[in-house]
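Asks: Next comes the structure file my_file04.txt, holding compact mmCIF, C-alpha atoms.
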# COMPACT_ATOMS: atom_id res chain seq x y z
CA MET S 272 292.78 -66.62 164.64
CA LEU S 273 289.16 -66.38 165.46
CA SER S 274 287.89 -62.89 165.07
CA LYS S 275 286.43 -61.66 168.22
CA LEU S 276 282.73 -61.14 167.82
CA SER S 277 280.76 -59.01 170.09
CA LYS S 278 277.89 -60.58 171.91
CA GLU S 279 275.31 -58.95 169.66
CA ASP S 280 277.04 -60.02 166.49
CA PHE S 281 277.25 -63.56 167.76
CA GLN S 282 273.62 -63.60 168.65
CA GLU S 283 272.80 -62.14 165.25
CA LEU S 284 274.78 -64.90 163.56
CA VAL S 285 273.08 -67.60 165.55
CA ARG S 286 269.71 -66.10 164.79
CA ARG S 287 270.47 -66.00 161.09
CA GLN S 288 271.65 -69.59 161.12
CA LYS S 289 268.46 -70.66 162.87
CA GLU S 290 266.45 -68.78 160.28
CA THR S 291 268.13 -70.51 157.35
CA LYS S 292 267.76 -73.86 159.03
CA ALA S 293 264.10 -73.19 159.72
CA ARG S 294 263.53 -72.08 156.17
CA LYS S 295 265.25 -75.16 154.82
CA GLY S 296 263.25 -77.26 157.22
CA ASN S 297 260.04 -75.67 156.04
CA GLN S 298 261.05 -76.17 152.45
CA THR S 299 261.75 -79.84 153.10
CA ILE S 300 258.42 -80.27 154.82
CA PHE S 301 256.72 -78.49 151.98
CA LEU S 302 258.40 -80.70 149.38
CA TYR S 303 257.56 -83.85 151.31
CA GLY S 304 253.97 -82.66 151.58
CA CYS S 305 253.79 -81.97 147.88
CA SER S 306 255.23 -85.33 146.89
CA LEU S 307 252.85 -87.11 149.31
CA ALA S 308 249.88 -85.32 147.84
CA LEU S 309 251.06 -86.15 144.33
CA MET S 310 251.54 -89.79 145.25
CA PHE S 311 248.05 -90.10 146.68
CA LEU S 312 246.55 -88.29 143.72
CA SER S 313 248.21 -90.64 141.24
CA LEU S 314 247.19 -93.60 143.38
CA ALA S 315 243.59 -92.41 143.33
CA PHE S 316 243.62 -92.08 139.57
CA GLY S 317 245.50 -95.28 138.96
CA SER S 318 243.50 -97.34 141.44
CA VAL S 319 240.59 -97.82 139.08
CA PRO S 320 242.42 -99.76 136.35
CA LEU S 321 244.69 -101.36 138.95
CA TYR S 322 241.75 -102.61 140.99
CA ARG S 323 240.00 -103.84 137.90
CA ALA S 324 243.07 -105.80 136.77
CA LEU S 325 243.54 -107.26 140.25
CA CYS S 326 239.91 -108.35 140.50
CA GLN S 327 239.96 -109.85 137.05
CA LYS S 328 243.01 -111.94 137.90
CA THR S 329 241.97 -113.13 141.33
CA GLY S 330 238.17 -113.14 141.13
CA TRP S 331 238.14 -111.06 144.31
CA GLY S 332 234.73 -109.86 145.44
CA GLY S 333 232.95 -112.25 143.10
CA THR S 334 234.24 -110.83 139.82
CA PRO S 335 233.62 -113.39 137.09
CA MET S 336 236.86 -114.73 135.72
CA THR S 337 236.62 -114.74 131.97
CA ASP S 338 240.25 -115.74 131.57
CA SER S 339 240.10 -118.23 128.73
CA SER S 340 243.33 -119.90 129.81
CA LYS S 341 241.16 -121.78 132.31
CA MET S 342 239.80 -123.94 129.53
CA THR S 343 242.98 -125.38 128.06
CA PRO S 344 242.89 -129.07 127.07
CA ASP S 345 244.99 -130.04 130.08
CA LYS S 346 242.29 -128.66 132.35
CA VAL S 347 239.68 -131.09 131.12
CA VAL S 348 241.61 -134.17 132.21
CA ALA S 349 239.97 -136.08 135.03
CA VAL S 350 241.81 -136.01 138.33
CA ASP S 351 242.84 -139.43 139.62
CA THR S 352 240.81 -139.56 142.80
CA ASN S 353 238.13 -141.77 144.27
CA LYS S 354 236.11 -138.97 145.75
CA LYS S 355 233.22 -138.17 143.47
CA ILE S 356 231.44 -134.85 143.64
CA ARG S 357 227.68 -134.86 143.36
CA VAL S 358 226.29 -132.10 141.16
CA GLN S 359 222.55 -131.64 141.51
CA PHE S 360 220.39 -129.78 139.04
CA THR S 361 217.46 -127.57 139.89
CA ALA S 362 215.36 -125.27 137.76
CA GLU S 363 213.05 -122.34 138.22
CA THR S 364 211.06 -120.04 136.01
CA SER S 365 209.89 -116.52 136.51
CA ARG S 366 206.26 -116.22 137.52
CA ILE S 367 205.27 -114.51 134.31
CA LEU S 368 207.01 -116.98 132.05
CA PRO S 369 204.49 -119.68 130.99
CA TRP S 370 207.18 -122.28 130.41
CA LYS S 371 207.69 -125.62 132.03
CA PHE S 372 211.41 -125.86 132.74
CA VAL S 373 212.83 -128.99 134.37
CA PRO S 374 216.16 -130.79 134.58
CA GLN S 375 216.24 -134.17 132.85
CA GLN S 376 218.53 -135.76 135.39
CA ARG S 377 218.49 -135.04 139.07
CA GLU S 378 222.23 -135.27 139.59
CA VAL S 379 225.55 -136.36 138.16
CA TYR S 380 228.46 -137.84 140.09
CA LEU S 381 231.84 -136.87 138.73
CA VAL S 382 235.44 -136.08 139.66
CA PRO S 383 237.07 -132.68 139.09
CA GLY S 384 238.43 -132.26 135.58
CA GLU S 385 235.92 -134.68 134.12
CA THR S 386 233.60 -133.07 131.59
CA ALA S 387 229.94 -133.94 131.81
CA LEU S 388 226.84 -133.39 129.74
CA ALA S 389 223.52 -132.56 131.35
CA PHE S 390 220.11 -131.72 129.96
CA TYR S 391 217.24 -129.46 130.84
CA LYS S 392 213.93 -129.42 129.08
CA ALA S 393 211.76 -126.38 128.44
CA LYS S 394 208.25 -126.30 127.08
CA ASN S 395 206.37 -123.21 126.03
CA ASN S 396 202.87 -123.79 127.34
CA SER S 397 201.40 -120.62 125.92
CA ASP S 398 200.07 -119.87 122.46
CA LYS S 399 202.63 -117.16 121.70
CA ASP S 400 206.30 -117.24 120.72
CA ILE S 401 208.25 -116.17 123.77
CA ILE S 402 211.87 -115.25 124.23
CA GLY S 403 213.45 -116.38 127.45
CA MET S 404 216.83 -115.87 129.01
CA ALA S 405 218.44 -118.04 131.61
CA THR S 406 220.90 -117.33 134.33
CA TYR S 407 222.35 -119.69 136.86
CA SER S 408 223.77 -119.88 140.34
CA VAL S 409 226.06 -122.34 142.05
CA THR S 410 225.70 -123.37 145.67
CA PRO S 411 227.85 -123.35 147.83
CA ASP S 412 229.09 -119.90 146.78
CA HIS S 413 232.79 -120.53 147.22
CA VAL S 414 232.70 -123.36 144.71
CA ALA S 415 231.66 -120.95 141.95
CA PRO S 416 235.20 -120.07 140.76
CA TYR S 417 235.87 -123.78 140.21
CA PHE S 418 232.70 -124.43 138.29
CA ASN S 419 233.53 -124.02 134.61
CA LYS S 420 230.96 -124.19 131.89
CA ILE S 421 232.14 -124.98 128.41
CA GLN S 422 228.81 -124.47 126.76
CA CYS S 423 225.28 -124.02 128.02
CA PHE S 424 222.02 -122.31 127.18
CA CYS S 425 222.34 -119.35 129.46
CA PHE S 426 222.97 -115.64 128.96
CA GLU S 427 221.62 -115.67 125.44
CA GLU S 428 218.06 -115.33 124.33
CA GLN S 429 216.26 -118.55 123.65
CA LYS S 430 213.11 -118.28 121.62
CA LEU S 431 210.52 -120.96 122.02
CA ASN S 432 207.63 -121.07 119.59
CA ALA S 433 204.13 -121.56 120.91
CA GLY S 434 203.73 -125.03 122.35
CA GLU S 435 207.30 -126.00 121.51
CA GLU S 436 209.38 -128.29 123.70
CA ILE S 437 213.14 -128.07 123.46
CA ASP S 438 216.04 -129.92 125.06
CA MET S 439 218.70 -127.66 126.48
CA PRO S 440 222.11 -129.19 126.95
CA LEU S 441 224.82 -128.06 129.28
CA PHE S 442 228.46 -129.11 129.07
CA PHE S 443 230.62 -128.39 132.09
CA PHE S 444 233.43 -129.53 134.37
CA ILE S 445 234.89 -128.74 137.77
CA ASP S 446 238.35 -127.23 137.63
CA PRO S 447 241.00 -129.78 138.62
CA GLU S 448 242.51 -127.21 140.99
CA PHE S 449 239.52 -128.02 143.19
CA VAL S 450 241.40 -130.95 144.74
CA ASN S 451 244.34 -128.72 145.69
CA ASP S 452 242.24 -126.18 147.55
CA PRO S 453 242.06 -126.99 151.28
CA THR S 454 238.83 -125.01 151.72
CA MET S 455 237.13 -127.33 149.26
CA ARG S 456 238.00 -130.47 151.19
CA ASN S 457 234.56 -130.86 152.73
CA VAL S 458 232.62 -130.02 149.60
CA ASP S 459 231.10 -133.05 147.93
CA ASP S 460 227.72 -131.65 146.98
CA ILE S 461 227.12 -128.86 144.50
CA VAL S 462 223.76 -127.55 143.39
CA LEU S 463 223.45 -125.91 140.02
CA HIS S 464 220.33 -123.80 139.77
CA TYR S 465 219.01 -122.33 136.53
CA THR S 466 216.35 -119.65 136.34
CA PHE S 467 214.54 -118.67 133.19
CA PHE S 468 213.24 -115.16 132.80
CA LYS S 469 211.01 -113.67 130.17
CA ALA S 470 212.91 -111.35 127.87
CA ASN S 471 211.68 -108.46 125.79
CA TYR S 472 213.39 -106.23 123.31
CA LYS S 473 213.24 -102.72 124.69
CA ASP S 474 214.35 -99.41 123.12
CA GLY S 475 215.29 -101.08 119.87
CA GLN S 476 217.94 -103.68 120.42
CA GLN S 477 218.45 -103.93 124.17
CA LEU S 478 217.26 -107.28 125.50
CA VAL S 479 215.63 -106.88 128.88
CA ALA S 480 214.43 -109.56 131.25
CA VAL S 481 211.06 -108.84 132.75
CA THR S 482 210.31 -110.05 136.24
CA GLY S 483 206.77 -110.12 137.49
CA GLY S 484 207.55 -108.55 140.85
CA PRO S 485 205.56 -105.80 142.59
CA GLY S 486 205.57 -102.63 140.52
CA ASN S 487 206.66 -104.75 137.53
CA THR S 488 210.40 -104.29 137.97
CA THR S 489 212.57 -104.77 134.93
CA THR S 490 215.93 -106.40 135.27
CA GLN S 491 218.34 -105.63 132.53
CA ILE S 492 220.49 -108.58 131.58
CA THR S 493 223.01 -107.68 128.92
CA PRO S 494 223.63 -110.75 126.75
CA ILE S 495 227.26 -111.63 126.43
CA ASP S 496 229.13 -110.87 123.29
CA ASN S 497 231.13 -114.04 122.73
CA GLU S 498 234.01 -112.29 121.03
CA SER S 499 234.72 -109.90 123.85
CA ALA S 500 233.56 -112.29 126.59
CA GLU S 501 232.36 -109.46 128.82
CA PRO S 502 230.83 -110.35 132.15
CA VAL S 503 227.07 -110.15 132.48
CA LYS S 504 225.77 -106.93 133.98
CA VAL S 505 222.59 -107.22 135.97
CA LYS S 506 220.87 -103.96 136.83
CA THR S 507 217.55 -103.48 138.46
CA THR S 508 215.59 -100.40 137.43
CA MET P 91 231.29 -103.18 140.50
CA SER P 92 231.49 -104.24 144.13
CA GLY P 93 231.59 -101.53 146.76
CA ASN P 94 233.04 -103.78 149.45
CA PRO P 95 235.91 -105.87 148.09
CA GLY P 96 236.66 -109.23 149.61
CA ASN P 97 233.32 -109.22 151.41
CA LYS P 98 231.63 -112.58 151.03
CA LEU P 99 228.19 -111.01 151.33
CA SER P 100 228.50 -109.27 147.98
CA ALA P 101 226.23 -110.42 145.19
CA TRP P 102 227.76 -113.21 143.15
CA ARG P 103 228.23 -112.53 139.47
CA PRO P 104 227.62 -115.51 137.19
CA ASN P 105 230.36 -116.81 134.95
CA PRO P 106 229.67 -116.72 131.22
CA PRO P 107 230.32 -120.05 129.49
CA GLU P 108 233.53 -120.57 127.57
CA ARG P 109 231.96 -121.41 124.21
CA GLY P 110 228.79 -119.44 124.66
CA SER P 111 225.39 -120.88 124.18
CA PHE P 112 224.20 -123.99 122.39
CA PRO P 113 221.87 -123.13 119.50
CA LEU P 114 218.43 -124.55 120.06
CA ASP P 115 217.64 -127.88 118.46
CA HIS P 116 214.25 -126.87 117.11
CA PHE P 117 213.85 -129.90 114.84
CA GLY P 118 214.94 -132.53 117.30
CA ASP P 119 217.86 -133.68 115.17
CA CYS P 120 219.79 -135.01 118.11
CA THR P 121 216.97 -136.08 120.37
CA ALA P 122 217.67 -139.77 119.77
CA GLU P 123 221.28 -139.46 120.97
CA MET P 124 220.08 -137.47 123.94
CA GLU P 125 217.58 -140.16 124.90
CA LYS P 126 220.29 -142.82 124.69
CA TYR P 127 222.55 -140.77 126.93
CA LEU P 128 219.81 -140.13 129.49
CA ASN P 129 218.89 -143.81 129.59
CA CYS P 130 222.54 -144.68 130.12
CA LEU P 131 222.68 -142.25 133.03
CA LYS P 132 219.60 -143.88 134.56
CA ILE P 133 221.20 -147.30 134.31
CA VAL P 134 224.46 -146.25 135.97
CA LYS P 135 222.54 -144.25 138.56
CA ASN P 136 223.83 -140.89 137.38
CA GLU P 137 227.50 -141.74 137.59
CA ASN P 138 229.47 -140.05 134.84
CA ALA P 139 230.54 -143.46 133.55
CA PRO P 140 232.90 -143.87 130.57
CA ASN P 141 230.29 -145.59 128.41
CA CYS P 142 227.85 -142.75 129.03
CA ARG P 143 230.54 -140.28 128.10
CA ILE P 144 230.86 -141.99 124.73
CA LEU P 145 227.14 -141.46 124.23
CA ALA P 146 227.63 -137.84 125.25
CA LYS P 147 230.33 -137.68 122.59
CA ASN P 148 227.86 -139.08 120.06
CA TYR P 149 225.37 -136.43 121.00
CA LEU P 150 227.88 -133.62 120.61
CA ASN P 151 229.04 -135.16 117.34
CA CYS P 152 225.44 -135.10 116.12
CA ARG P 153 225.22 -131.45 117.08
CA MET P 154 228.42 -130.63 115.23
CA GLU P 155 227.17 -132.41 112.13
CA ASN P 156 223.85 -130.64 112.16
CA ASN P 157 225.41 -127.21 112.58
CA LEU P 158 224.20 -126.92 116.12
CA MET P 159 227.68 -126.60 117.55
CA ASP P 160 231.09 -125.43 116.40
CA LYS P 161 233.43 -128.23 115.48
CA VAL P 162 235.94 -128.65 118.26
CA SER P 163 238.54 -131.36 118.83
CA TRP P 164 237.58 -133.95 121.44
CA LYS P 165 240.71 -133.20 123.38
CA GLU P 166 239.48 -129.68 124.10
CA LEU P 167 236.20 -131.04 125.37
CA GLY P 168 237.87 -133.61 127.57
CA LEU P 169 236.27 -136.51 125.76
CA PRO P 170 238.09 -139.64 124.57
CA GLU P 171 239.52 -139.49 121.05
CA ASP P 172 238.11 -141.61 118.24
CA LYS P 173 239.72 -145.06 118.41
CA LYS P 174 238.80 -145.87 114.80
CA ILE P 175 241.95 -144.39 113.27
CA ILE P 176 244.25 -146.26 115.64
CA VAL P 177 242.53 -149.57 114.86
CA GLU P 178 242.84 -148.96 111.12
CA ASP P 179 246.57 -148.26 111.47
CA LYS P 180 247.04 -151.51 113.39
CA VAL P 181 245.17 -153.47 110.70
CA GLU P 182 247.39 -151.90 108.03
CA GLU P 183 250.49 -152.88 109.98
CA THR P 184 249.47 -156.51 110.30
CA VAL P 185 248.54 -156.63 106.59
CA ASN P 186 251.94 -155.19 105.60
CA LYS P 187 253.78 -157.63 107.83
CA SER P 188 252.11 -160.76 106.40
Can I see the file as structure tokens?

Replies:
Amino acid sequence: MLSKLSKEDFQELVRRQKETKARKGNQTIFLYGCSLALMFLSLAFGSVPLYRALCQKTGWGGTPMTDSSKMTPDKVVAVDTNKKIRVQFTAETSRILPWKFVPQQREVYLVPGETALAFYKAKNNSDKDIIGMATYSVTPDHVAPYFNKIQCFCFEEQKLNAGEEIDMPLFFFIDPEFVNDPTMRNVDDIVLHYTFFKANYKDGQQLVAVTGGPGNTTTQITPIDNESAEPVKVKTT
Amino acid sequence: MSGNPGNKLSAWRPNPPERGSFPLDHFGDCTAEMEKYLNCLKIVKNENAPNCRILAKNYLNCRMENNLMDKVSWKELGLPEDKKIIVEDKVEETVNKS
């Protein structure tokens, strides 16, 4: 038997029920809000290593891929195709570097996967021993991830004695995955450009490339440590 | 590193080489091999022909022997293996048979 409630009691009951519901609702909202905030906070903290790992794996945003699994012996097998890629060589020196730096062959025709040897020649035309450091660029830009160098003369200091002329070899190949990439279908011409800068030892052991620009800007090129294979950091001060 | 990910306009970072840098050949120990290779390239009009690759192999072999390069197997460099050993085995086989 339902107990007869007076109108006021009934209203009181309803009001109380609404209150509890509202409080529970508020609590739920509050908890959801807290968990959301926590999730975003952890995402913000975790994004740095996550982003770094993602970039390293995919080369997104131009991150150099130092994954050494790219150079396994099965990668240096020539792809069976008739289409040869033409790799042209160009060279440049910084204005304040008194070296004559030229490629010894204008181009090489090869297929992806085929390793090739190329030579540059540098001559120190001054009467002082000079340390130089080379960096390179690949044109067109989107080919860069497929351009693999096994060994070259870049990123490490090269000291040329006064008047000395040295041959600088470069051993490279184009990744065989090049033929499987549809965006590379129309690419049959690659230009490899090397630039030599003058390098000085600054603040003790830090090797710094000096460019002869206005205001004598100094570009810091950190030489790579072969064991850790860290990417080159280029800063302009 | 890059403030705008996936943006093609971002500055391109160069790739360091797999085996690092070649030490400089200050004394010209391998210049002769290099000249042969470059002449071969001129003859084949810069095609990466198999016979030029053998000369490239000779050059790298010279570098390895003169401590200007770490010794690496030819397979890892994508160059053809030495055929000498295979020929010697075949000669031994024919000698044993007769």

Asks: Given the choices P:Asn157, P:Tyr149, P:Val162, P:Gly168, which gets closest to Thr121 of chain P if the distance is worked out from all atoms listed in the file?

Replies: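 Among the listed residues, the smallest separation from Thr121 of chain P belongs to P:Tyr149.
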
Asks: Rounded to one decimal in Å, what is the spacing between atom CA of Val358 of chain S and atom CA of Arg377 of chain S?

Replies: 8.6 Å

Asks: Excluding segment 366-371 of chain S and residues on its chain fewer than 2 positions from it, collect all residues at most 8 Å away from it, counting only C-alpha atoms, and give them as a PyMOL selection string.

Replies: chain S and resi 364+373+392-397+403+467-469+482-483

Asks: Which is closer to chain S than all the others in P:Ile133, P:Pro113, P:Glu166, P:Met124, using all atoms listed in the file?

Replies: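 That would be P:Glu166, the residue with the smallest distance to chain S.
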
Asks: Which value, in Å to one decimal, gives the distance between atom CA of Pro320 of chain S and atom CA of Phe418 of chain S?

Replies: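 Calculated distance between atom CA of Pro320 of chain S and atom CA of Phe418 of chain S is 26.6 Å.
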
Asks: Which residue, P:Lys132, P:Arg109, P:Arg143, P:Arg153, has the smallest gap to Gln375 of chain S when you use all atoms listed in the file?

Replies: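 Once distances to Gln375 of chain S are computed over all atoms listed in the file, the minimum belongs to P:Lys132.
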
Asks: So which residues are close to (225.7, -124.0, 132.9), meaning at most 12 Å away in the file's coordinates with only C-alpha atoms counted, and can you show them as a PyMOL selection string?

Replies: (chain S and resi 358-362+374+387-391+405-409+415+418-427+439-445+462-466) or (chain P and resi 104-112)

Asks: One number please: atom CA of Pro447 of chain S to atom CA of Thr386 of chain S, in Å, one decimal.

Replies: 10.7 Å

Asks: Which one is closest to chain P: S:Lys278, S:Lys295, S:Arg357, S:Arg286? Count all atoms listed in the file.

Replies: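 Smallest separation from chain P among the options: S:Arg357.
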